[in-house]
Amino acid sequence: MKITTKNLNLWYGTFHALKNVNSNIEPNRITAIIGPSGCGKSTLLRVFNRMNDLIEGVRTGGEVLIDDRNILDPATDLVALRKKVGMVFQRPNPFPLSVYENIVFGEKIHADGITRDRLDEIVERSLRDVLLWDELKDRLNEPALRLSLEQKQRLCIARLIAVKPDVLLMDEPCSTLDPQATARVEELMRELKNKYTIIIVTHNMQQAARVSDDTGFMLLGELIEFGKTENIFTAPYDKRTEDYITGRYG
Amino acid sequence: MERHVDQELKELNKDILKMGALAEEAIYKSVEALKNRDKNMAKSVIDNDANIDKLELVVDERCIDLIARYQPMAKDLRFITTGMKINAELERIADIAVDIAQRTLEIADKPLLKPLIDIPRLAAVAQNMVKMSIDSFVKGDIALAKKVLLSDSEADQLRNIIQKELIEDYMVKDGTTAPRAVQLLLIARFLERICDHTTNIAEDVIYMVQAEVIRHHPEKLKNGK
């Protein structure tokens with residue numbers, strides 16, 4: 001297993017946001033987390049690189065093992081963790097820098113004194129991995145903010161993989177994209193899973209059904225059902241899952 | 001809260017029921033026509049088949065439209081895909097009723113080779129299986145669907161008895177009986193095929209209700225699963 005959660009609980013102050021979440025996430029697969037707004041799916045995603053730590057009053061219990069190490073351990077090196085477990089957000093958020101500087105930003109932090117040739121290599125590899133190299137190889141010095149939304153989102157993914165993570169967390173990565181751009185990002189995800197373990201939170205059930213190998217359904221902080229995507233969407237065993245995915249929930 | 005798609009699923013259900021009723025009627029009339037050597041009734045089965053074919057297309061279009069517009073999941077998806085398959089089975093059953101009616105027209109004016117005993121029995125089994133399979137779909141009744149599956153061996157046995165008798169007691173002993181014996185053999189074969197289609201419907205119903213595929217897994221039925 002790449003990631004295992006054991007009796008994971010999380011509280012925002014007195015609000016119990018994650019309740020005894022037990023899950024096993026396999027490497028080199030795409031795992032989708034679905035559920036209604038406020039069910040805890042983004043909270044769960046943010047546990048995997050301890051982004052919730054930035055929120056005041058957060059408490060956690062249980063264990064989250066990534067490669068058999070409990071990342072909830074207070075001694076965890078958060079910079080190293082976030083290098084290993086990167087995150088893509090709903091709205092693409094490139095830095096107000098050039099395309100090139102966006103990609104090498106992380107590497108410059110993590111590796112002091114790196115040569116220009118090495119950085120060039122990283123830029124090319126990262127852009128090739130997100131299928132942007134041909135489009136942007138002659139525009140590397142242009143401001144990233146001038147790119148299309150889809151290009152910005154791909155650039156953000158390229159920025160992540162430049163620092164060679166193992167796990168990519170994606171929080172509604174296509175919600176601002178049109179259907180064509182969404183389809184292309186989904187294709188990219190399928191390519192990327194050969195190298196990375198991907199966890200995606202999405203409101204779009206068709207997207208979860210299309211792109212993921214495994215799916216977890218969350219409701220009111222609980223992981224109700226977790227299994228192979230084809231089973232969840234054709235024959236879920238829990239009635240609450242069925243009600244949600246057939247639009248009967250609520 | 002009723003969803004908009006629920007209304008459309010109800011309409012689909014109604015159309016499949018109509019299809020089932022028409023197929024059942026076609027089988028009933030074709031068997032009655034055979035028993036009573038009633039050429040008018042046989043012709044009415046043949047004439048009515050065009051209506052069944054039309055309805056088959058309507059049901060198919062409805063299913064495709066539902067999938068395209070609603071991207072159904074879970075039990076909605078199972079209901080629609082099962083509906084499509086059952087629709088095709090019912091259309092095939094109605095076609096077989098036409099085959100029986102055509103054979104009836106062939107033999108209606110000729111003296112019967114022998115009194116019909118086992119063929120009406122097989123016809124009764126087939127009719128009952130058609131009825132049970134459609135009822136199992138309507139009620140989502142797994143027990144009834146399994147009863148259909150278990151009835152199939154009775155149909156096979158009767159078909160074998162009919163076949164053996166026609167070949168050994170008639171065709172082998174007196175070759176001149178062959179043309180009439182072949183017609184009865186075909187009718188027995190058609191009735192047995194109808195039973196096979198009803199078992200397909202029953203298997204589809206089991207999948208629709210409990211998402212279990214028992215097609216090509218007879219051991220699952222024997223194990224009582």
# chains A, B, ... in the order shown; residues from 1 in each chain; ligands from 1

call {"tool": "residues_around", "arguments": {"residues": "region 100-109 of chain B", "least_positions_apart": "2", "cutoff": "8 Å", "atoms": "only C-alpha atoms", "output": "list in words"}}
result
Ser30, Val31, Ala33, Leu34, Arg37, Asp38, Lys39, Ala42, Lys43, Val45, Ile46, Ile96, Ala97, Val98, Pro111, Leu112, Arg180, Gln183, Ile187 and Phe190 of chain B

call {"tool": "residues_around", "arguments": {"residues": "Ile162 (chain B)", "least_positions_apart": "5", "cutoff": "8 Å", "atoms": "only C-alpha atoms", "output": "MDAnalysis selection string"}}
result
chainID B and resid 118:119 185 188

call {"tool": "write_last_selection", "arguments": {"atoms": "N, CA and C atoms", "output": "tab-separated table (two decimals), in the first residue's frame"}}
result
chain	number	residue	atom	x	y	z
B	118	ASP	N	-47.30	-34.05	-26.00
B	118	ASP	CA	-46.15	-33.42	-25.33
B	118	ASP	C	-45.88	-32.00	-25.83
B	119	ILE	N	-46.21	-31.71	-27.09
B	119	ILE	CA	-45.99	-30.34	-27.58
B	119	ILE	C	-46.85	-29.34	-26.80
B	185	LEU	N	-40.98	-31.28	-35.11
B	185	LEU	CA	-39.65	-31.15	-34.49
B	185	LEU	C	-39.25	-29.68	-34.37
B	188	ALA	N	-41.18	-27.97	-31.64
B	188	ALA	CA	-40.63	-28.31	-30.31
B	188	ALA	C	-39.35	-27.51	-30.06

call {"tool": "closest_residue", "arguments": {"among": "B:Val213, B:Val58, B:Leu191, B:Leu17", "to": "chain A", "atoms": "only C-alpha atoms"}}
result
B:Val213

call {"tool": "interface_residues", "arguments": {"of": "chain B", "to": "chain A", "cutoff": "7 Å", "atoms": "only C-alpha atoms", "output": "list of chain:residue names"}}
result
B:Pro72, B:Met73, B:Ala74, B:Lys75, B:Asp76, B:Leu77, B:Arg78, B:Ala211

call {"tool": "write_last_selection", "arguments": {"atoms": "N, CA and C atoms", "output": "PDB file, in the first residue's frame"}}
result
ATOM      1  N   PRO B  72     -26.719   7.485 -16.250  1.00  0.00           N
ATOM      2  CA  PRO B  72     -27.190   6.821 -15.025  1.00  0.00           C
ATOM      3  C   PRO B  72     -26.109   5.986 -14.352  1.00  0.00           C
ATOM      4  N   MET B  73     -26.265   5.833 -13.057  1.00  0.00           N
ATOM      5  CA  MET B  73     -25.312   5.055 -12.267  1.00  0.00           C
ATOM      6  C   MET B  73     -26.071   3.991 -11.477  1.00  0.00           C
ATOM      7  N   ALA B  74     -25.318   3.024 -10.981  1.00  0.00           N
ATOM      8  CA  ALA B  74     -25.800   2.015 -10.036  1.00  0.00           C
ATOM      9  C   ALA B  74     -27.132   1.403 -10.474  1.00  0.00           C
ATOM     10  N   LYS B  75     -28.159   1.434  -9.585  1.00  0.00           N
ATOM     11  CA  LYS B  75     -29.352   0.660  -9.957  1.00  0.00           C
ATOM     12  C   LYS B  75     -30.092   1.257 -11.147  1.00  0.00           C
ATOM     13  N   ASP B  76     -29.983   2.572 -11.361  1.00  0.00           N
ATOM     14  CA  ASP B  76     -30.579   3.164 -12.563  1.00  0.00           C
ATOM     15  C   ASP B  76     -29.912   2.587 -13.814  1.00  0.00           C
ATOM     16  N   LEU B  77     -28.577   2.511 -13.752  1.00  0.00           N
ATOM     17  CA  LEU B  77     -27.813   1.988 -14.884  1.00  0.00           C
ATOM     18  C   LEU B  77     -28.175   0.524 -15.130  1.00  0.00           C
ATOM     19  N   ARG B  78     -28.271  -0.228 -14.023  1.00  0.00           N
ATOM     20  CA  ARG B  78     -28.597  -1.659 -14.170  1.00  0.00           C
ATOM     21  C   ARG B  78     -30.009  -1.831 -14.734  1.00  0.00           C
ATOM     22  N   ALA B 211     -27.216  -7.118  -8.663  1.00  0.00           N
ATOM     23  CA  ALA B 211     -25.918  -6.858  -9.282  1.00  0.00           C
ATOM     24  C   ALA B 211     -25.036  -8.087  -9.309  1.00  0.00           C
TER      25      ALA B 211
END

call {"tool": "closest_residue", "arguments": {"among": "B:Asn51, B:Ser44, B:Asn200, B:Thr82", "to": "Gly140 (chain B)", "atoms": "only C-alpha atoms"}}
result
B:Thr82

call {"tool": "select_by_dssp", "arguments": {"residues": "region 5-247 of chain A", "states": "strand (DSSP E or B)", "output": "PDB file with C-alpha atoms, in the first residue's frame"}}
result
ATOM      1  CA  THR A   5      -5.253   5.511   7.130  1.00  0.00           C
ATOM      2  CA  LYS A   6      -6.016   3.827  10.438  1.00  0.00           C
ATOM      3  CA  ASN A   7      -8.816   5.149  12.615  1.00  0.00           C
ATOM      4  CA  LEU A   8      -8.137   8.622  11.305  1.00  0.00           C
ATOM      5  CA  ASN A   9     -10.072  11.332  13.121  1.00  0.00           C
ATOM      6  CA  LEU A  10      -9.873  15.066  12.645  1.00  0.00           C
ATOM      7  CA  TRP A  11     -11.510  17.896  14.517  1.00  0.00           C
ATOM      8  CA  TYR A  12     -11.754  21.567  13.593  1.00  0.00           C
ATOM      9  CA  PHE A  15     -16.368  19.995  14.857  1.00  0.00           C
ATOM     10  CA  HIS A  16     -15.620  16.348  14.151  1.00  0.00           C
ATOM     11  CA  ALA A  17     -14.732  16.497  10.440  1.00  0.00           C
ATOM     12  CA  LEU A  18     -13.256  13.023   9.861  1.00  0.00           C
ATOM     13  CA  LYS A  19     -14.574  10.026  11.756  1.00  0.00           C
ATOM     14  CA  ASN A  20     -12.570   6.811  11.998  1.00  0.00           C
ATOM     15  CA  VAL A  21     -11.465   6.809   8.398  1.00  0.00           C
ATOM     16  CA  ASN A  22      -9.803   3.536   7.411  1.00  0.00           C
ATOM     17  CA  SER A  23      -8.529   3.234   3.877  1.00  0.00           C
ATOM     18  CA  ASN A  24      -5.849   1.653   1.744  1.00  0.00           C
ATOM     19  CA  ILE A  25      -4.628   3.532  -1.295  1.00  0.00           C
ATOM     20  CA  ILE A  30      -6.023   7.009  -9.402  1.00  0.00           C
ATOM     21  CA  THR A  31      -8.246   7.120  -6.354  1.00  0.00           C
ATOM     22  CA  ALA A  32     -11.281   9.399  -6.428  1.00  0.00           C
ATOM     23  CA  ILE A  33     -12.936  10.711  -3.291  1.00  0.00           C
ATOM     24  CA  ILE A  34     -16.547  11.717  -3.841  1.00  0.00           C
ATOM     25  CA  VAL A  58      -7.087  21.374  14.090  1.00  0.00           C
ATOM     26  CA  ARG A  59      -6.558  18.138  15.977  1.00  0.00           C
ATOM     27  CA  THR A  60      -6.001  14.699  14.519  1.00  0.00           C
ATOM     28  CA  GLY A  61      -6.057  11.165  15.879  1.00  0.00           C
ATOM     29  CA  GLY A  62      -5.140   7.795  14.420  1.00  0.00           C
ATOM     30  CA  GLU A  63      -2.469   7.103  11.848  1.00  0.00           C
ATOM     31  CA  VAL A  64      -1.740   8.004   8.246  1.00  0.00           C
ATOM     32  CA  LEU A  65       0.995   5.806   6.851  1.00  0.00           C
ATOM     33  CA  ILE A  66       2.730   6.825   3.659  1.00  0.00           C
ATOM     34  CA  ARG A  69       5.735   6.003   7.987  1.00  0.00           C
ATOM     35  CA  ASN A  70       3.148   7.766  10.090  1.00  0.00           C
ATOM     36  CA  VAL A  85       3.087  14.605  -1.607  1.00  0.00           C
ATOM     37  CA  GLY A  86       2.222  17.517  -3.890  1.00  0.00           C
ATOM     38  CA  MET A  87      -1.097  19.222  -4.356  1.00  0.00           C
ATOM     39  CA  VAL A  88      -3.019  20.684  -7.308  1.00  0.00           C
ATOM     40  CA  SER A  98       7.796  33.170 -15.988  1.00  0.00           C
ATOM     41  CA  PRO A 143       4.667  35.274 -17.631  1.00  0.00           C
ATOM     42  CA  VAL A 167       1.851  11.267  -4.632  1.00  0.00           C
ATOM     43  CA  LEU A 168      -0.259  13.892  -6.417  1.00  0.00           C
ATOM     44  CA  LEU A 169      -3.284  15.263  -4.583  1.00  0.00           C
ATOM     45  CA  MET A 170      -5.821  16.944  -6.831  1.00  0.00           C
ATOM     46  CA  ASP A 171      -8.636  18.993  -5.364  1.00  0.00           C
ATOM     47  CA  THR A 197      -0.092   7.744  -7.020  1.00  0.00           C
ATOM     48  CA  ILE A 198      -2.966  10.139  -7.654  1.00  0.00           C
ATOM     49  CA  ILE A 199      -5.821  11.038  -5.342  1.00  0.00           C
ATOM     50  CA  ILE A 200      -8.519  13.281  -6.744  1.00  0.00           C
ATOM     51  CA  VAL A 201     -11.399  14.968  -4.978  1.00  0.00           C
ATOM     52  CA  ASP A 214     -10.733   3.188  -7.020  1.00  0.00           C
ATOM     53  CA  THR A 215     -13.390   5.367  -5.461  1.00  0.00           C
ATOM     54  CA  GLY A 216     -14.254   6.301  -1.904  1.00  0.00           C
ATOM     55  CA  PHE A 217     -17.614   7.768  -0.962  1.00  0.00           C
ATOM     56  CA  MET A 218     -17.694  10.067   2.071  1.00  0.00           C
ATOM     57  CA  LEU A 219     -20.674  11.329   4.007  1.00  0.00           C
ATOM     58  CA  GLU A 222     -17.222   9.023   7.385  1.00  0.00           C
ATOM     59  CA  LEU A 223     -15.754   6.972   4.573  1.00  0.00           C
ATOM     60  CA  ILE A 224     -18.912   5.027   3.785  1.00  0.00           C
ATOM     61  CA  GLU A 225     -17.627   2.841   0.998  1.00  0.00           C
ATOM     62  CA  PHE A 226     -14.309   2.321  -0.721  1.00  0.00           C
ATOM     63  CA  GLY A 227     -13.687   0.017  -3.639  1.00  0.00           C
ATOM     64  CA  LYS A 228     -13.027  -0.493  -7.292  1.00  0.00           C
TER      65      LYS A 228
END

call {"tool": "residues_around", "arguments": {"residues": "Asp135 (chain B)", "least_positions_apart": "3", "cutoff": "10 Å", "atoms": "only C-alpha atoms", "output": "MDAnalysis selection string"}}
result
chainID B and resid 17 20 129:132 138:141 144:145 202

call {"tool": "select_by_dssp", "arguments": {"residues": "region 120-177 of chain A", "states": "helix (DSSP H, G or I)", "output": "PyMOL selection string"}}
result
chain A and resi 120-129+133-136+144-146+149-161

call {"tool": "atom_distance", "arguments": {"atom1": "CA of Leu177 (chain A)", "atom2": "CA of Asn204 (chain A)"}}
result
12.3 Å

call {"tool": "atom_distance", "arguments": {"atom1": "CA of Leu147 (chain A)", "atom2": "CA of Gly113 (chain A)"}}
result
29.1 Å

call {"tool": "decode", "arguments": {"residues": "region 191-205 of chain A", "atoms": "N, CA and C atoms", "output": "JSON list (two decimals), in the first residue's frame"}}
result
[["chain", "number", "residue", "atom", "x", "y", "z"],
["A", 191, "GLU", "N", -1.89, 9.27, -17.91],
["A", 191, "GLU", "CA", -0.46, 9.13, -18.21],
["A", 191, "GLU", "C", 0.36, 9.15, -16.92],
["A", 192, "LEU", "N", 0.00, 10.10, -16.06],
["A", 192, "LEU", "CA", 0.82, 10.35, -14.86],
["A", 192, "LEU", "C", 0.74, 9.20, -13.85],
["A", 193, "LYS", "N", -0.35, 8.45, -13.89],
["A", 193, "LYS", "CA", -0.47, 7.42, -12.85],
["A", 193, "LYS", "C", 0.58, 6.32, -13.01],
["A", 194, "ASN", "N", 1.19, 6.24, -14.18],
["A", 194, "ASN", "CA", 2.27, 5.26, -14.33],
["A", 194, "ASN", "C", 3.45, 5.58, -13.42],
["A", 195, "LYS", "N", 3.58, 6.88, -13.10],
["A", 195, "LYS", "CA", 4.73, 7.29, -12.28],
["A", 195, "LYS", "C", 4.32, 7.69, -10.87],
["A", 196, "TYR", "N", 3.07, 8.10, -10.71],
["A", 196, "TYR", "CA", 2.66, 8.67, -9.41],
["A", 196, "TYR", "C", 1.39, 7.99, -8.90],
["A", 197, "THR", "N", 1.18, 8.16, -7.60],
["A", 197, "THR", "CA", -0.09, 7.74, -7.02],
["A", 197, "THR", "C", -0.96, 9.00, -6.97],
["A", 198, "ILE", "N", -2.15, 8.93, -7.53],
["A", 198, "ILE", "CA", -2.97, 10.14, -7.65],
["A", 198, "ILE", "C", -4.25, 9.99, -6.84],
["A", 199, "ILE", "N", -4.55, 11.01, -6.07],
["A", 199, "ILE", "CA", -5.82, 11.04, -5.34],
["A", 199, "ILE", "C", -6.54, 12.31, -5.78],
["A", 200, "ILE", "N", -7.77, 12.13, -6.24],
["A", 200, "ILE", "CA", -8.52, 13.28, -6.74],
["A", 200, "ILE", "C", -9.83, 13.43, -5.97],
["A", 201, "VAL", "N", -10.10, 14.65, -5.56],
["A", 201, "VAL", "CA", -11.40, 14.97, -4.98],
["A", 201, "VAL", "C", -12.22, 15.62, -6.08],
["A", 202, "THR", "N", -13.41, 15.13, -6.29],
["A", 202, "THR", "CA", -14.22, 15.73, -7.35],
["A", 202, "THR", "C", -15.71, 15.69, -7.02],
["A", 203, "HIS", "N", -16.39, 16.75, -7.45],
["A", 203, "HIS", "CA", -17.84, 16.78, -7.34],
["A", 203, "HIS", "C", -18.48, 16.13, -8.56],
["A", 204, "ASN", "N", -17.65, 15.98, -9.58],
["A", 204, "ASN", "CA", -18.16, 15.50, -10.86],
["A", 204, "ASN", "C", -18.08, 13.97, -10.87],
["A", 205, "MET", "N", -19.23, 13.33, -10.67],
["A", 205, "MET", "CA", -19.21, 11.87, -10.55],
["A", 205, "MET", "C", -18.82, 11.18, -11.84]]
